[in-house]
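*Asks:* I am sharing query35.cif, which consists of mmCIF, C-alpha atoms (C1' of nucleotides):
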```
data_protein
#
loop_
_atom_site.label_atom_id
_atom_site.label_comp_id
_atom_site.auth_asym_id
_atom_site.auth_seq_id
_atom_site.Cartn_x
_atom_site.Cartn_y
_atom_site.Cartn_z
CA MET W 132 108.49 132.71 77.16
CA SER W 133 107.27 129.27 77.07
CA GLY W 134 104.40 128.84 74.72
CA PRO W 135 100.77 129.86 74.96
CA VAL W 136 99.33 130.98 78.28
CA PRO W 137 96.42 128.84 79.48
CA SER W 138 93.11 130.39 80.40
CA PRO W 139 92.54 131.71 83.95
CA LEU W 140 90.28 128.76 84.62
CA TYR W 141 92.99 126.35 83.58
CA ARG W 142 95.52 128.11 85.76
CA ARG W 143 93.12 127.89 88.67
CA ILE W 144 92.83 124.16 88.07
CA TYR W 145 96.59 123.77 87.86
CA ARG W 146 97.13 125.73 91.03
CA TRP W 147 94.63 123.63 92.96
CA VAL W 148 96.08 120.37 91.70
CA ARG W 149 99.55 121.60 92.55
CA ALA W 150 98.42 121.79 96.19
CA VAL W 151 97.65 118.09 96.36
CA PRO W 152 100.13 116.49 98.81
CA ARG W 153 102.43 113.73 97.70
CA GLY W 154 101.03 110.25 98.27
CA GLN W 155 97.40 111.41 97.97
CA VAL W 156 94.94 111.65 95.11
CA VAL W 157 91.88 113.68 94.11
CA THR W 158 89.09 113.16 91.60
CA TYR W 159 88.23 115.25 88.54
CA GLY W 160 84.87 116.08 90.04
CA GLN W 161 86.47 117.20 93.27
CA VAL W 162 88.81 119.57 91.48
CA GLY W 163 85.95 120.82 89.36
CA ARG W 164 83.82 121.63 92.38
CA ALA W 165 86.74 123.42 94.01
CA VAL W 166 87.57 125.68 91.08
CA GLY W 167 84.14 126.04 89.51
CA ALA W 168 84.49 123.81 86.49
CA THR W 169 82.91 120.62 85.22
CA PRO W 170 84.88 117.37 85.49
CA ARG W 171 85.36 117.30 81.74
CA ILE W 172 87.05 120.66 81.81
CA VAL W 173 89.44 119.40 84.47
CA GLY W 174 90.35 116.40 82.34
CA PHE W 175 90.75 118.67 79.36
CA ALA W 176 93.07 120.92 81.34
CA MET W 177 95.17 117.93 82.39
CA GLY W 178 95.52 116.85 78.78
CA ALA W 179 96.72 120.32 77.86
CA LEU W 180 99.58 120.17 80.33
CA ASP W 181 103.14 120.24 79.13
CA ARG W 182 105.45 117.36 79.80
CA GLY W 183 107.74 119.24 82.14
CA SER W 184 105.03 121.02 84.09
CA ASP W 185 105.20 121.10 87.87
CA VAL W 186 101.58 120.05 88.14
CA PRO W 187 101.14 116.59 89.73
CA TRP W 188 98.63 115.54 87.07
CA HIS W 189 99.12 111.90 88.02
CA ARG W 190 97.37 112.53 91.35
CA VAL W 191 94.11 113.25 89.55
CA ILE W 192 91.94 110.19 88.94
CA ASN W 193 88.28 109.47 88.34
CA ARG W 194 85.65 108.93 91.00
CA LEU W 195 86.02 105.15 90.79
CA GLY W 196 89.54 105.46 92.08
CA ARG W 197 90.85 104.35 88.70
CA ILE W 198 93.11 105.91 86.13
CA SER W 199 91.11 107.24 83.23
CA PRO W 200 92.02 105.27 80.11
CA ARG W 201 93.54 107.02 77.13
CA GLY W 202 96.04 105.74 74.60
CA GLY W 203 98.92 104.53 76.74
CA GLY W 204 100.15 106.58 79.67
CA GLU W 205 98.07 104.97 82.34
CA GLY W 206 100.97 102.71 83.17
CA ARG W 207 103.20 105.70 83.84
CA GLN W 208 100.58 107.34 86.01
CA LYS W 209 100.19 104.15 88.01
CA ALA W 210 103.94 103.87 88.44
CA LEU W 211 104.21 107.47 89.62
CA LEU W 212 101.49 106.94 92.19
CA GLU W 213 103.01 103.72 93.45
CA ALA W 214 106.31 105.55 93.81
CA GLU W 215 104.53 107.94 96.17
CA GLY W 216 103.13 105.14 98.27
CA VAL W 217 99.65 104.94 96.77
CA ALA W 218 98.40 101.35 96.78
CA PHE W 219 96.37 99.76 94.01
CA ASP W 220 94.11 96.77 94.53
CA GLY W 221 93.83 93.75 92.26
CA ALA W 222 91.46 95.64 89.97
CA GLY W 223 93.86 98.55 89.64
CA ARG W 224 91.78 100.78 91.87
CA ILE W 225 92.77 103.16 94.67
CA ASP W 226 90.96 103.35 97.99
CA LEU W 227 89.81 106.97 97.95
CA SER W 228 88.71 106.81 101.57
CA ARG W 229 92.33 106.25 102.41
CA PHE W 230 94.41 108.05 99.77
CA GLY W 231 91.86 110.67 98.76
CA TRP W 232 92.74 114.24 99.67
CA ALA W 233 89.90 116.17 101.31
CA GLY W 234 91.21 119.50 100.01
CA PRO W 235 93.14 122.43 101.42
CA ASN W 236 92.22 122.74 105.08
CA PRO W 237 88.68 121.28 105.03
CA PHE W 238 88.02 122.63 108.52
CA ASP W 239 88.53 126.17 107.39
"C1'" DT K 10 79.41 132.22 63.95
"C1'" DT K 11 78.17 126.86 64.45
"C1'" DG K 12 79.43 122.08 65.24
"C1'" DT K 13 82.46 118.48 67.22
"C1'" DT K 14 85.18 116.63 70.79
"C1'" DG K 15 86.61 115.02 75.38
"C1'" DA K 16 92.29 112.29 81.11
"C1'" DC K 17 83.99 112.97 83.72
"C1'" DT K 18 79.94 112.23 86.58
"C1'" DC K 19 75.18 111.12 87.55
"C1'" DT K 20 71.12 108.23 87.28
"C1'" DG K 21 68.47 104.19 86.11
"C1'" DA K 22 68.25 99.24 85.08
"C1'" DC I 172 78.95 95.21 91.48
"C1'" DT I 173 78.53 96.46 86.00
"C1'" DC I 174 76.50 98.69 81.64
"C1'" DA I 175 74.22 102.40 78.91
"C1'" DG I 176 72.50 106.81 78.15
"C1'" DA I 177 72.14 111.83 79.16
"C1'" DG I 178 74.16 116.12 80.79
"C1'" DC I 179 77.84 118.99 81.09
"C1'" DC I 180 80.92 123.20 79.42
"C1'" DA I 181 85.41 125.00 77.58
"C1'" DA I 182 88.58 124.56 73.69
"C1'" DC I 183 89.26 123.99 68.83
"C1'" DA I 184 88.51 123.84 63.63
#
```
Would you encode the structure as structure tokens?

*Replies:*
Amino acid sequence: MSGPVPSPLYRRIYRWVRAVPRGQVVTYGQVGRAVGATPRIVGFAMGALDRGSDVPWHRVINRLGRISPRGGGEGRQKALLEAEGVAFDGAGRIDLSRFGWAGPNPFD
DNA sequence: TTGTTGACTCTGA
DNA sequence: CTCAGAGCCAACA
């Protein structure tokens, strides 16, 4: 049902991103390292997501703590993050040392 | 099959 | 801090 099935790598990316807790963010590079993909692939996978997917795509940002620009949609991502309690500074950046998620059980 | 593209990151200046 | 160039690899035509 529901359209084309994404590649195993994409599904691995989606599953990892889905584990990101509410109110926290991760970077493309971080996801890539975790699932064995390059940051570009992660961004590509996010762009391939459907609108009603359960993947918190808005919690994925670049290493600068900023929302990657693309034609309109950054405003919605920023609003979604703010709704979760993520704070932006005057330059529209997020403090990764504070809101960045270290990953699933980093001590394991 | 080849060539182009892209929601990135790294390094050097 | 910012800016520019190179590398990167899967998806798509």

*Asks:* Any chance you could resolve the PyMOL selection byres ((chain I and resi 179) around 10) against this file and give the residues as a list in words?

*Replies:*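 So the PyMOL selection byres ((chain I and resi 179) around 10) ends up selecting Ala168, Thr169, Pro170, Arg171 and Ile172 of chain W; DC17 and DT18 of chain K; DA177, DG178 and DC180 of chain I.
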
*Asks:* Which chain W residues have any atom within 7 Å of an atom of chain K, and for each, what is the nearest pair of atoms with distance in Å to one decimal, counting only C-alpha atoms (C1' of nucleotides), rows sorted by chain and number, as JSON lines?

*Replies:*
```
{"residue": "W:Tyr159", "atom": "CA", "partner": "K:DC17", "partner_atom": "C1'", "distance": 6.8}
{"residue": "W:Pro170", "atom": "CA", "partner": "K:DC17", "partner_atom": "C1'", "distance": 4.8}
{"residue": "W:Arg171", "atom": "CA", "partner": "K:DC17", "partner_atom": "C1'", "distance": 5.0}
{"residue": "W:Gly174", "atom": "CA", "partner": "K:DA16", "partner_atom": "C1'", "distance": 4.7}
{"residue": "W:Phe175", "atom": "CA", "partner": "K:DA16", "partner_atom": "C1'", "distance": 6.8}
{"residue": "W:Met177", "atom": "CA", "partner": "K:DA16", "partner_atom": "C1'", "distance": 6.5}
{"residue": "W:Gly178", "atom": "CA", "partner": "K:DA16", "partner_atom": "C1'", "distance": 6.1}
{"residue": "W:Ser199", "atom": "CA", "partner": "K:DA16", "partner_atom": "C1'", "distance": 5.6}
{"residue": "W:Arg201", "atom": "CA", "partner": "K:DA16", "partner_atom": "C1'", "distance": 6.7}
```

*Asks:* Would you mind reading off the distance between CA of Val151 in chain W and CA of Arg224 in chain W, one decimal, in Å?

*Replies:*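 Taking CA of Val151 in chain W and CA of Arg224 in chain W, their separation equals 18.8 Å.
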
*Asks:* So which residues get picked by the PyMOL selection byres ((chain W and resi 208) around 12) here, written as an mmCIF file with C-alpha atoms (C1' of nucleotides), keeping the file's coordinate frame?

*Replies:*
```cif
data_model
loop_
_atom_site.group_PDB
_atom_site.id
_atom_site.type_symbol
_atom_site.label_atom_id
_atom_site.label_comp_id
_atom_site.auth_asym_id
_atom_site.auth_seq_id
_atom_site.Cartn_x
_atom_site.Cartn_y
_atom_site.Cartn_z
ATOM 1 C CA VAL W 156 94.940 111.650 95.110
ATOM 2 C CA PRO W 187 101.140 116.590 89.730
ATOM 3 C CA TRP W 188 98.630 115.540 87.070
ATOM 4 C CA HIS W 189 99.120 111.900 88.020
ATOM 5 C CA ARG W 190 97.370 112.530 91.350
ATOM 6 C CA VAL W 191 94.110 113.250 89.550
ATOM 7 C CA ILE W 192 91.940 110.190 88.940
ATOM 8 C CA ARG W 197 90.850 104.350 88.700
ATOM 9 C CA ILE W 198 93.110 105.910 86.130
ATOM 10 C CA SER W 199 91.110 107.240 83.230
ATOM 11 C CA PRO W 200 92.020 105.270 80.110
ATOM 12 C CA ARG W 201 93.540 107.020 77.130
ATOM 13 C CA GLY W 203 98.920 104.530 76.740
ATOM 14 C CA GLY W 204 100.150 106.580 79.670
ATOM 15 C CA GLU W 205 98.070 104.970 82.340
ATOM 16 C CA GLY W 206 100.970 102.710 83.170
ATOM 17 C CA ARG W 207 103.200 105.700 83.840
ATOM 18 C CA LYS W 209 100.190 104.150 88.010
ATOM 19 C CA ALA W 210 103.940 103.870 88.440
ATOM 20 C CA LEU W 211 104.210 107.470 89.620
ATOM 21 C CA LEU W 212 101.490 106.940 92.190
ATOM 22 C CA GLU W 213 103.010 103.720 93.450
ATOM 23 C CA ALA W 214 106.310 105.550 93.810
ATOM 24 C CA GLU W 215 104.530 107.940 96.170
ATOM 25 C CA VAL W 217 99.650 104.940 96.770
ATOM 26 C CA PHE W 219 96.370 99.760 94.010
ATOM 27 C CA GLY W 223 93.860 98.550 89.640
ATOM 28 C "C1'" DA K 16 92.290 112.290 81.110
#
```

*Asks:* Go ahead and fit an axis-aligned box to every listed atom of range 174-184 of chain I plus 3 Å each side, and pass me the centre and edge lengths in Å, one decimal, as AutoDock Vina command-line options.

*Replies:*
```
--center_x 80.7 --center_y 111.8 --center_z 72.6 --size_x 23.1 --size_y 32.3 --size_z 24.0
```

*Asks:* Just to confirm, what's the straight-line distance from CA of Val186 in chain W to CA of Val148 in chain W in Å (one decimal)?

*Replies:*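 Interatomic distance, CA of Val186 in chain W to CA of Val148 in chain W: 6.6 Å.
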
*Asks:* Pick the closest to chain I from W:Arg149, W:Pro235, W:Ala179, W:Gly154: which is it, counting only C-alpha atoms (C1' of nucleotides)?

*Replies:* W:Ala179
